[in-house]
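Participant: My structure is stored as my_file29.pdb, with PDB, C-alpha atoms.
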```pdb
ATOM      1  CA  MET A  12     185.889  99.426 148.115  1.00  0.00           C
ATOM      2  CA  ASN A  13     186.229 100.707 144.566  1.00  0.00           C
ATOM      3  CA  ASP A  14     188.463 102.322 141.937  1.00  0.00           C
ATOM      4  CA  LYS A  15     186.969 105.812 142.343  1.00  0.00           C
ATOM      5  CA  ILE A  16     188.146 106.670 145.857  1.00  0.00           C
ATOM      6  CA  LYS A  17     189.341 110.286 145.909  1.00  0.00           C
ATOM      7  CA  LEU A  18     192.352 109.742 148.172  1.00  0.00           C
ATOM      8  CA  ASP A  19     195.493 108.596 146.374  1.00  0.00           C
ATOM      9  CA  PRO A  20     196.605 105.307 148.009  1.00  0.00           C
ATOM     10  CA  ARG A  21     200.171 106.011 146.863  1.00  0.00           C
ATOM     11  CA  LYS A  22     200.338 108.962 149.267  1.00  0.00           C
ATOM     12  CA  TRP A  23     199.571 106.960 152.386  1.00  0.00           C
ATOM     13  CA  ALA A  24     202.641 108.398 154.162  1.00  0.00           C
ATOM     14  CA  ASP A  25     200.769 111.722 154.302  1.00  0.00           C
ATOM     15  CA  LEU A  26     198.033 110.605 156.654  1.00  0.00           C
ATOM     16  CA  PRO A  27     194.879 112.538 155.639  1.00  0.00           C
ATOM     17  CA  GLU A  28     192.507 114.319 157.975  1.00  0.00           C
ATOM     18  CA  TRP A  29     189.813 112.110 159.506  1.00  0.00           C
ATOM     19  CA  ASP A  30     187.029 113.803 157.521  1.00  0.00           C
ATOM     20  CA  GLU A  31     188.849 113.016 154.262  1.00  0.00           C
ATOM     21  CA  LEU A  32     188.723 109.257 154.781  1.00  0.00           C
ATOM     22  CA  PRO A  33     186.181 107.186 152.809  1.00  0.00           C
ATOM     23  CA  ALA A  34     182.819 106.897 154.550  1.00  0.00           C
ATOM     24  CA  PHE A  35     183.156 103.143 155.151  1.00  0.00           C
ATOM     25  CA  MET A  36     186.302 103.765 157.236  1.00  0.00           C
ATOM     26  CA  LYS A  37     184.918 106.549 159.419  1.00  0.00           C
ATOM     27  CA  ASN A  38     183.499 104.494 162.268  1.00  0.00           C
ATOM     28  CA  ASP A  39     184.067 104.329 166.023  1.00  0.00           C
ATOM     29  CA  ALA A  40     186.160 101.159 165.750  1.00  0.00           C
ATOM     30  CA  VAL A  41     188.658 102.705 163.313  1.00  0.00           C
ATOM     31  CA  ARG A  42     189.059 106.075 165.068  1.00  0.00           C
ATOM     32  CA  PRO A  43     191.406 104.837 167.867  1.00  0.00           C
ATOM     33  CA  TYR A  44     193.772 103.329 165.285  1.00  0.00           C
ATOM     34  CA  TYR A  45     193.748 106.560 163.304  1.00  0.00           C
ATOM     35  CA  ASP A  46     194.500 108.646 166.392  1.00  0.00           C
ATOM     36  CA  ARG A  47     197.468 106.429 167.284  1.00  0.00           C
ATOM     37  CA  LEU A  48     198.896 106.599 163.762  1.00  0.00           C
ATOM     38  CA  CYS A  49     198.647 110.389 163.861  1.00  0.00           C
ATOM     39  CA  LYS A  50     201.348 110.265 166.541  1.00  0.00           C
ATOM     40  CA  HIS A  51     203.684 108.445 164.133  1.00  0.00           C
ATOM     41  CA  ARG A  52     203.547 110.677 161.058  1.00  0.00           C
ATOM     42  CA  ILE A  53     207.331 110.994 160.857  1.00  0.00           C
ATOM     43  CA  GLU A  54     207.755 107.213 161.064  1.00  0.00           C
ATOM     44  CA  LEU A  55     205.187 106.769 158.289  1.00  0.00           C
ATOM     45  CA  LYS A  56     207.323 108.991 156.070  1.00  0.00           C
ATOM     46  CA  LEU A  57     210.451 107.020 157.041  1.00  0.00           C
ATOM     47  CA  LYS A  58     208.595 103.836 156.138  1.00  0.00           C
ATOM     48  CA  ARG A  59     207.783 105.198 152.670  1.00  0.00           C
ATOM     49  CA  ILE A  60     211.350 106.402 152.049  1.00  0.00           C
ATOM     50  CA  PHE A  61     212.689 103.015 153.140  1.00  0.00           C
ATOM     51  CA  ASP A  62     210.222 101.172 150.883  1.00  0.00           C
ATOM     52  CA  PHE A  63     211.087 103.242 147.830  1.00  0.00           C
ATOM     53  CA  VAL A  64     214.873 103.129 148.219  1.00  0.00           C
ATOM     54  CA  VAL A  65     215.182  99.466 149.203  1.00  0.00           C
ATOM     55  CA  ALA A  66     212.697  98.294 146.548  1.00  0.00           C
ATOM     56  CA  TRP A  67     214.715 100.030 143.817  1.00  0.00           C
ATOM     57  CA  ILE A  68     217.973  98.549 145.115  1.00  0.00           C
ATOM     58  CA  MET A  69     216.471  95.052 145.226  1.00  0.00           C
ATOM     59  CA  LEU A  70     214.966  95.407 141.760  1.00  0.00           C
ATOM     60  CA  VAL A  71     218.352  96.326 140.270  1.00  0.00           C
ATOM     61  CA  MET A  72     220.175  93.569 142.157  1.00  0.00           C
ATOM     62  CA  LEU A  73     217.613  90.893 141.279  1.00  0.00           C
ATOM     63  CA  ILE A  74     216.926  91.830 137.662  1.00  0.00           C
ATOM     64  CA  ILE A  75     218.783  88.775 136.292  1.00  0.00           C
ATOM     65  CA  PRO A  76     217.080  86.201 138.603  1.00  0.00           C
ATOM     66  CA  ILE A  77     213.736  87.853 137.841  1.00  0.00           C
ATOM     67  CA  GLY A  78     214.438  87.479 134.125  1.00  0.00           C
ATOM     68  CA  VAL A  79     215.357  83.805 134.532  1.00  0.00           C
ATOM     69  CA  ILE A  80     212.188  83.089 136.500  1.00  0.00           C
ATOM     70  CA  ALA A  81     210.121  84.840 133.831  1.00  0.00           C
ATOM     71  CA  VAL A  82     211.609  82.614 131.107  1.00  0.00           C
ATOM     72  CA  LEU A  83     211.024  79.440 133.160  1.00  0.00           C
ATOM     73  CA  ILE A  84     207.382  80.355 133.748  1.00  0.00           C
ATOM     74  CA  LYS A  85     206.865  80.934 130.046  1.00  0.00           C
ATOM     75  CA  LEU A  86     208.481  77.601 129.141  1.00  0.00           C
ATOM     76  CA  ASP A  87     206.624  75.668 131.833  1.00  0.00           C
ATOM     77  CA  SER A  88     203.019  76.414 130.849  1.00  0.00           C
ATOM     78  CA  PRO A  89     200.983  78.606 128.501  1.00  0.00           C
ATOM     79  CA  GLY A  90     199.841  81.948 129.807  1.00  0.00           C
ATOM     80  CA  PRO A  91     201.231  85.297 130.943  1.00  0.00           C
ATOM     81  CA  ILE A  92     204.337  85.689 133.116  1.00  0.00           C
ATOM     82  CA  PHE A  93     202.584  87.860 135.675  1.00  0.00           C
ATOM     83  CA  TYR A  94     199.406  87.183 137.602  1.00  0.00           C
ATOM     84  CA  ARG A  95     197.438  90.454 137.854  1.00  0.00           C
ATOM     85  CA  GLN A  96     194.535  90.071 140.239  1.00  0.00           C
ATOM     86  CA  LYS A  97     192.415  92.846 141.729  1.00  0.00           C
ATOM     87  CA  ARG A  98     193.269  93.395 145.393  1.00  0.00           C
ATOM     88  CA  VAL A  99     192.439  96.088 147.949  1.00  0.00           C
ATOM     89  CA  THR A 100     194.953  98.485 149.520  1.00  0.00           C
ATOM     90  CA  THR A 101     195.010 101.837 151.355  1.00  0.00           C
ATOM     91  CA  TYR A 102     191.634 103.585 151.806  1.00  0.00           C
ATOM     92  CA  GLY A 103     189.910 100.615 150.125  1.00  0.00           C
ATOM     93  CA  LYS A 104     191.382 101.413 146.717  1.00  0.00           C
ATOM     94  CA  ILE A 105     191.392  98.528 144.253  1.00  0.00           C
ATOM     95  CA  PHE A 106     194.617  97.842 142.386  1.00  0.00           C
ATOM     96  CA  LYS A 107     196.081  95.019 140.309  1.00  0.00           C
ATOM     97  CA  ILE A 108     198.841  93.244 142.165  1.00  0.00           C
ATOM     98  CA  HIS A 109     202.023  92.036 140.422  1.00  0.00           C
ATOM     99  CA  LYS A 110     202.927  88.405 141.098  1.00  0.00           C
ATOM    100  CA  PHE A 111     204.704  85.749 139.109  1.00  0.00           C
ATOM    101  CA  ARG A 112     202.113  83.322 137.764  1.00  0.00           C
ATOM    102  CA  THR A 113     202.437  80.030 139.639  1.00  0.00           C
ATOM    103  CA  MET A 114     199.185  78.424 138.549  1.00  0.00           C
ATOM    104  CA  VAL A 115     197.568  77.432 135.293  1.00  0.00           C
ATOM    105  CA  GLN A 116     196.000  80.191 133.248  1.00  0.00           C
ATOM    106  CA  ASN A 117     192.589  81.377 134.552  1.00  0.00           C
ATOM    107  CA  ALA A 118     193.101  79.425 137.807  1.00  0.00           C
ATOM    108  CA  ASP A 119     190.848  81.838 139.708  1.00  0.00           C
ATOM    109  CA  LYS A 120     187.956  80.821 137.465  1.00  0.00           C
ATOM    110  CA  ILE A 121     188.296  77.108 138.230  1.00  0.00           C
ATOM    111  CA  GLY A 122     188.719  77.169 141.996  1.00  0.00           C
ATOM    112  CA  SER A 123     188.824  79.192 145.214  1.00  0.00           C
ATOM    113  CA  ALA A 124     190.583  82.547 145.568  1.00  0.00           C
ATOM    114  CA  VAL A 125     192.764  80.960 148.264  1.00  0.00           C
ATOM    115  CA  THR A 126     195.191  78.131 147.601  1.00  0.00           C
ATOM    116  CA  VAL A 127     195.383  74.808 149.431  1.00  0.00           C
ATOM    117  CA  SER A 128     198.321  72.450 149.833  1.00  0.00           C
ATOM    118  CA  GLY A 129     198.780  70.256 146.762  1.00  0.00           C
ATOM    119  CA  ASP A 130     196.454  72.462 144.690  1.00  0.00           C
ATOM    120  CA  SER A 131     196.242  70.872 141.248  1.00  0.00           C
ATOM    121  CA  ARG A 132     196.220  74.316 139.636  1.00  0.00           C
ATOM    122  CA  ILE A 133     199.838  74.978 140.667  1.00  0.00           C
ATOM    123  CA  THR A 134     202.344  74.427 137.867  1.00  0.00           C
ATOM    124  CA  LYS A 135     205.626  72.534 138.264  1.00  0.00           C
ATOM    125  CA  ILE A 136     207.744  75.683 138.246  1.00  0.00           C
ATOM    126  CA  GLY A 137     205.064  77.473 140.239  1.00  0.00           C
ATOM    127  CA  GLY A 138     205.460  75.043 143.127  1.00  0.00           C
ATOM    128  CA  CYS A 139     209.195  75.788 143.387  1.00  0.00           C
ATOM    129  CA  ILE A 140     208.612  79.528 143.134  1.00  0.00           C
ATOM    130  CA  ARG A 141     205.973  79.444 145.870  1.00  0.00           C
ATOM    131  CA  GLU A 142     208.169  77.387 148.183  1.00  0.00           C
ATOM    132  CA  LEU A 143     210.841  80.087 148.108  1.00  0.00           C
ATOM    133  CA  ARG A 144     208.347  82.981 148.058  1.00  0.00           C
ATOM    134  CA  LEU A 145     209.829  84.137 144.755  1.00  0.00           C
ATOM    135  CA  ASP A 146     206.363  84.731 143.310  1.00  0.00           C
ATOM    136  CA  GLU A 147     206.283  87.895 145.429  1.00  0.00           C
ATOM    137  CA  LEU A 148     209.321  89.516 143.748  1.00  0.00           C
ATOM    138  CA  PRO A 149     207.306  91.485 141.149  1.00  0.00           C
ATOM    139  CA  GLN A 150     205.591  93.260 144.034  1.00  0.00           C
ATOM    140  CA  LEU A 151     208.712  95.421 144.186  1.00  0.00           C
ATOM    141  CA  LEU A 152     206.971  97.317 141.371  1.00  0.00           C
ATOM    142  CA  ASP A 153     203.899  97.831 143.567  1.00  0.00           C
ATOM    143  CA  ILE A 154     206.095  99.027 146.441  1.00  0.00           C
ATOM    144  CA  ILE A 155     207.905 101.527 144.230  1.00  0.00           C
ATOM    145  CA  GLU A 156     204.569 102.807 142.941  1.00  0.00           C
ATOM    146  CA  GLY A 157     203.292 103.160 146.497  1.00  0.00           C
ATOM    147  CA  THR A 158     200.269 100.868 146.347  1.00  0.00           C
ATOM    148  CA  MET A 159     202.072  98.389 148.602  1.00  0.00           C
ATOM    149  CA  SER A 160     204.738  98.339 151.301  1.00  0.00           C
ATOM    150  CA  PHE A 161     207.221  95.719 152.454  1.00  0.00           C
ATOM    151  CA  ILE A 162     205.257  95.340 155.697  1.00  0.00           C
ATOM    152  CA  GLY A 163     201.483  95.449 155.943  1.00  0.00           C
ATOM    153  CA  THR A 164     198.280  93.443 155.795  1.00  0.00           C
ATOM    154  CA  ARG A 165     198.356  91.095 152.831  1.00  0.00           C
ATOM    155  CA  PRO A 166     196.033  92.535 150.149  1.00  0.00           C
ATOM    156  CA  GLU A 167     192.805  90.578 149.938  1.00  0.00           C
ATOM    157  CA  VAL A 168     190.497  90.097 146.976  1.00  0.00           C
ATOM    158  CA  VAL A 169     187.332  92.178 146.999  1.00  0.00           C
ATOM    159  CA  LYS A 170     184.964  89.351 147.942  1.00  0.00           C
ATOM    160  CA  TYR A 171     186.825  88.740 151.208  1.00  0.00           C
ATOM    161  CA  VAL A 172     187.102  92.436 152.045  1.00  0.00           C
ATOM    162  CA  LYS A 173     183.313  92.617 151.865  1.00  0.00           C
ATOM    163  CA  LYS A 174     183.282  90.314 154.900  1.00  0.00           C
ATOM    164  CA  TYR A 175     185.438  92.656 157.012  1.00  0.00           C
ATOM    165  CA  SER A 176     184.080  93.905 160.318  1.00  0.00           C
ATOM    166  CA  PRO A 177     184.087  97.687 160.987  1.00  0.00           C
ATOM    167  CA  GLU A 178     187.280  97.342 163.039  1.00  0.00           C
ATOM    168  CA  MET A 179     189.074  95.471 160.248  1.00  0.00           C
ATOM    169  CA  MET A 180     188.702  98.569 158.085  1.00  0.00           C
ATOM    170  CA  ALA A 181     191.475 100.095 160.203  1.00  0.00           C
ATOM    171  CA  THR A 182     193.981  98.034 158.206  1.00  0.00           C
ATOM    172  CA  PHE A 183     193.250 100.328 155.237  1.00  0.00           C
ATOM    173  CA  LEU A 184     194.866 103.228 157.066  1.00  0.00           C
ATOM    174  CA  MET A 185     198.146 101.742 155.861  1.00  0.00           C
ATOM    175  CA  PRO A 186     199.179 100.117 152.574  1.00  0.00           C
ATOM    176  CA  ALA A 187     198.900  96.427 151.867  1.00  0.00           C
ATOM    177  CA  GLY A 188     202.157  94.583 152.437  1.00  0.00           C
ATOM    178  CA  VAL A 189     204.309  91.809 151.044  1.00  0.00           C
ATOM    179  CA  THR A 190     204.681  90.303 154.498  1.00  0.00           C
ATOM    180  CA  SER A 191     203.502  90.822 158.081  1.00  0.00           C
ATOM    181  CA  GLU A 192     203.405  89.137 161.458  1.00  0.00           C
ATOM    182  CA  ALA A 193     200.139  87.507 160.374  1.00  0.00           C
ATOM    183  CA  SER A 194     201.784  86.206 157.192  1.00  0.00           C
ATOM    184  CA  ILE A 195     204.595  84.673 159.218  1.00  0.00           C
ATOM    185  CA  ARG A 196     202.293  82.985 161.699  1.00  0.00           C
ATOM    186  CA  TYR A 197     199.988  81.733 158.947  1.00  0.00           C
ATOM    187  CA  LYS A 198     202.719  80.772 156.464  1.00  0.00           C
ATOM    188  CA  ASP A 199     201.169  77.283 156.278  1.00  0.00           C
ATOM    189  CA  GLU A 200     197.696  78.619 155.537  1.00  0.00           C
ATOM    190  CA  ALA A 201     197.366  76.324 152.507  1.00  0.00           C
ATOM    191  CA  ASN A 202     197.861  73.283 154.739  1.00  0.00           C
ATOM    192  CA  LEU A 203     195.271  74.563 157.220  1.00  0.00           C
ATOM    193  CA  LEU A 204     192.684  74.802 154.454  1.00  0.00           C
ATOM    194  CA  ASN A 205     193.633  71.523 152.790  1.00  0.00           C
ATOM    195  CA  SER A 206     191.027  69.398 154.560  1.00  0.00           C
ATOM    196  CA  ALA A 207     188.196  71.935 154.376  1.00  0.00           C
ATOM    197  CA  ASP A 208     185.048  70.938 152.485  1.00  0.00           C
ATOM    198  CA  ASP A 209     184.150  74.572 151.845  1.00  0.00           C
ATOM    199  CA  ILE A 210     187.461  76.449 151.545  1.00  0.00           C
ATOM    200  CA  ASP A 211     185.941  79.931 151.255  1.00  0.00           C
ATOM    201  CA  LYS A 212     183.664  79.378 154.265  1.00  0.00           C
ATOM    202  CA  VAL A 213     186.492  78.133 156.489  1.00  0.00           C
ATOM    203  CA  TYR A 214     188.767  80.966 155.370  1.00  0.00           C
ATOM    204  CA  ILE A 215     186.178  83.697 156.016  1.00  0.00           C
ATOM    205  CA  GLU A 216     184.879  82.328 159.322  1.00  0.00           C
ATOM    206  CA  HIS A 217     188.068  81.004 160.901  1.00  0.00           C
ATOM    207  CA  VAL A 218     191.359  81.875 159.196  1.00  0.00           C
ATOM    208  CA  LEU A 219     190.644  85.484 158.224  1.00  0.00           C
ATOM    209  CA  PRO A 220     189.490  86.633 161.705  1.00  0.00           C
ATOM    210  CA  GLN A 221     192.614  85.143 163.312  1.00  0.00           C
ATOM    211  CA  LYS A 222     194.932  86.758 160.764  1.00  0.00           C
ATOM    212  CA  MET A 223     193.191  90.090 161.194  1.00  0.00           C
ATOM    213  CA  LYS A 224     193.835  90.053 164.943  1.00  0.00           C
ATOM    214  CA  TRP A 225     197.554  90.130 164.164  1.00  0.00           C
ATOM    215  CA  ASN A 226     197.086  92.706 161.412  1.00  0.00           C
ATOM    216  CA  LEU A 227     195.128  95.031 163.666  1.00  0.00           C
ATOM    217  CA  GLU A 228     197.694  94.648 166.427  1.00  0.00           C
ATOM    218  CA  SER A 229     200.411  95.628 163.942  1.00  0.00           C
ATOM    219  CA  VAL A 230     198.526  98.802 163.044  1.00  0.00           C
ATOM    220  CA  TRP A 231     197.855  99.572 166.712  1.00  0.00           C
ATOM    221  CA  ARG A 232     201.494  99.055 167.711  1.00  0.00           C
ATOM    222  CA  PHE A 233     203.019 100.547 164.567  1.00  0.00           C
ATOM    223  CA  LYS A 234     206.634 101.601 164.800  1.00  0.00           C
ATOM    224  CA  PHE A 235     209.136 101.726 161.968  1.00  0.00           C
ATOM    225  CA  SER A 236     211.651  99.736 164.039  1.00  0.00           C
ATOM    226  CA  ARG A 237     209.091  96.933 164.586  1.00  0.00           C
ATOM    227  CA  GLU A 238     208.634  96.654 160.842  1.00  0.00           C
ATOM    228  CA  ILE A 239     212.365  96.150 160.322  1.00  0.00           C
ATOM    229  CA  VAL A 240     212.200  93.304 162.832  1.00  0.00           C
ATOM    230  CA  THR A 241     209.264  91.763 160.934  1.00  0.00           C
ATOM    231  CA  MET A 242     211.271  91.906 157.702  1.00  0.00           C
ATOM    232  CA  LEU A 243     214.166  90.096 159.357  1.00  0.00           C
ATOM    233  CA  LYS A 244     211.772  87.490 160.770  1.00  0.00           C
ATOM    234  CA  THR A 245     210.354  86.896 157.308  1.00  0.00           C
ATOM    235  CA  VAL A 246     213.822  86.318 155.843  1.00  0.00           C
ATOM    236  CA  GLY A 247     214.535  83.872 158.656  1.00  0.00           C
ATOM    237  CA  VAL A 248     211.298  81.981 158.052  1.00  0.00           C
ATOM    238  CA  VAL A 249     211.905  81.686 154.317  1.00  0.00           C
ATOM    239  CA  LEU A 250     215.445  80.413 154.877  1.00  0.00           C
ATOM    240  CA  SER A 251     214.667  78.065 157.754  1.00  0.00           C
ATOM    241  CA  LYS A 252     211.115  77.133 156.729  1.00  0.00           C
ATOM    242  CA  SER A 253     210.013  77.329 160.336  1.00  0.00           C
ATOM    243  CA  TYR A 254     208.561  79.754 162.818  1.00  0.00           C
ATOM    244  CA  LYS A 255     209.010  79.895 166.567  1.00  0.00           C
TER
END
```
For this file, produce the structure as structure tokens.
Facilitator:
Amino acid sequence: MNDKIKLDPRKWADLPEWDELPAFMKNDAVRPYYDRLCKHRIELKLKRIFDFVVAWIMLVMLIIPIGVIAVLIKLDSPGPIFYRQKRVTTYGKIFKIHKFRTMVQNADKIGSAVTVSGDSRITKIGGCIRELRLDELPQLLDIIEGTMSFIGTRPEVVKYVKKYSPEMMATFLMPAGVTSEASIRYKDEANLLNSADDIDKVYIEHVLPQKMKWNLESVWRFKFSREIVTMLKTVGVVLSKSYK
């Protein structure tokens, strides 16, 4: 996983030939996922067109709320409006994600890379933004650019990606996403980690493997229509604050 990968992660809709993939992805566990995705090349292009068009529409429609949130963040605590952390997306390419800052400045230097319930690093406004998932709105910029999609494996930080099994590398055949089936089922991840003595250890050994089962299943069963359903589920979860 690095910044110098030859393949352009923004062109993920044009699935490359197997031999063009980064060496760390070309293993026997990834090959079946690749072969299945090859049968859905048209749907991958539909997915990219949908992402680009809908992200632009949402950005225009939400420009005023986004501006208001930006002002509130600035008034609430010192620091930048956006949180730009290095994450990993298609083909293992590292990019800097766009998120509204919901924690104190330099929070990643004074705690774990994952957040627990009641985390003291979360600001007052940040707590409200997180509750409504509004911190994800700036990722519309990442979707437009092509480094992310509406649906896909949530982009992890590099130190967690280094713990991936060979099969988990199959998730890099598609772009990182704002939401996914795994995100829905683990929407209360912070609460699950709240009582852990070693947050990173529990996340890597227990939470991450379970989330990746759902992520890998999503890649294996990829269909554009299924992704639309996942988007609708996500909206329902945010509005109802529950999952069944």
Participant: Just so the selection is clear, what residues does the PyMOL selection byres ((chain A and resi 73-84) around 12) cover here, as an MDAnalysis selection string?
Facilitator: chainID A and resid 65:72 85:94 110:116 133:141 145:152
Participant: Taking into account all atoms listed in the file, which residue in the set A:Glu156, A:Asp209, A:Val189, A:Tyr44 is nearest to A:Glu228?
Facilitator: A:Tyr44
Participant: Report as an mmCIF file with C-alpha atoms, in the frame of the given file all protein, DNA and RNA residues lying within 10 Å of A:Pro177, evaluated on all atoms listed in the file, omitting residues in the same chain fewer than 3 positions from it.
Facilitator:
```
data_model
loop_
_atom_site.group_PDB
_atom_site.id
_atom_site.type_symbol
_atom_site.label_atom_id
_atom_site.label_comp_id
_atom_site.auth_asym_id
_atom_site.auth_seq_id
_atom_site.Cartn_x
_atom_site.Cartn_y
_atom_site.Cartn_z
ATOM 1 C CA PHE A 35 183.156 103.143 155.151
ATOM 2 C CA MET A 36 186.302 103.765 157.236
ATOM 3 C CA LYS A 37 184.918 106.549 159.419
ATOM 4 C CA ASN A 38 183.499 104.494 162.268
ATOM 5 C CA ASP A 39 184.067 104.329 166.023
ATOM 6 C CA ALA A 40 186.160 101.159 165.750
ATOM 7 C CA VAL A 41 188.658 102.705 163.313
ATOM 8 C CA LYS A 174 183.282 90.314 154.900
ATOM 9 C CA MET A 180 188.702 98.569 158.085
ATOM 10 C CA ALA A 181 191.475 100.095 160.203
#
```
Participant: Please identify all polymer residues within 12 Å of A:Asp46, counting all atoms listed in the file, omitting same-chain residues fewer than 3 positions from it, and present them as an MDAnalysis selection string.
Facilitator: chainID A and resid 26:29 39:43 49:52 181 184 230:233
Participant: Report, in Å with one decimal, the straight-line distance from atom CA of A:Val218 to atom CA of A:Asp153.
Facilitator: 25.6 Å
Participant: Please provide the set of residues having any atom within 8 Å of A:Thr164, restricted to all atoms listed in the file, with same-chain residues fewer than 5 positions apart removed, written as an MDAnalysis selection string.
Facilitator: chainID A and resid 182 186:191 193 226
Participant: Any chance you could export the current selection's C-alpha atoms as a PDB file, in the frame of the given file?
Facilitator:
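After the write, out.pdb holds the following:
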```pdb
ATOM      1  CA  THR A 182     193.981  98.034 158.206  1.00  0.00           C
ATOM      2  CA  PRO A 186     199.179 100.117 152.574  1.00  0.00           C
ATOM      3  CA  ALA A 187     198.900  96.427 151.867  1.00  0.00           C
ATOM      4  CA  GLY A 188     202.157  94.583 152.437  1.00  0.00           C
ATOM      5  CA  VAL A 189     204.309  91.809 151.044  1.00  0.00           C
ATOM      6  CA  THR A 190     204.681  90.303 154.498  1.00  0.00           C
ATOM      7  CA  SER A 191     203.502  90.822 158.081  1.00  0.00           C
ATOM      8  CA  ALA A 193     200.139  87.507 160.374  1.00  0.00           C
ATOM      9  CA  ASN A 226     197.086  92.706 161.412  1.00  0.00           C
TER      10      ASN A 226
END
```
Participant: For atom CA of A:Phe183 and atom CA of A:Thr100, determine how far apart the two atoms are, in Å to one decimal place.
Facilitator: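 Result for atom CA of A:Phe183 versus atom CA of A:Thr100: 6.2 Å, one decimal.
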Participant: Give the answer as one residue: which of A:Tyr175, A:Phe161, A:Tyr102, A:Phe235 has the shortest atom-to-atom distance to A:Lys56, using all atoms listed in the file?
Facilitator: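 Closest to A:Lys56 of all the choices is A:Phe235.
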Participant: Looking at A:Lys107, A:Lys244, A:Arg95, A:Lys224, which one is nearest to A:Ile162, with distances taken over only C-alpha atoms?
Facilitator: A:Lys244
Participant: In Å to one decimal, how far is atom CA of A:Ser251 from atom CA of A:Ile155?
Facilitator: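 These two atoms are separated by 27.9 Å.
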Participant: Considering only C-alpha atoms, state which residue in the set A:Ile195, A:Met223, A:Val168, A:Ala24 is at the smallest distance from A:Phe63.
Facilitator: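 Using only C-alpha atoms, A:Phe63 sits closest to A:Ala24.
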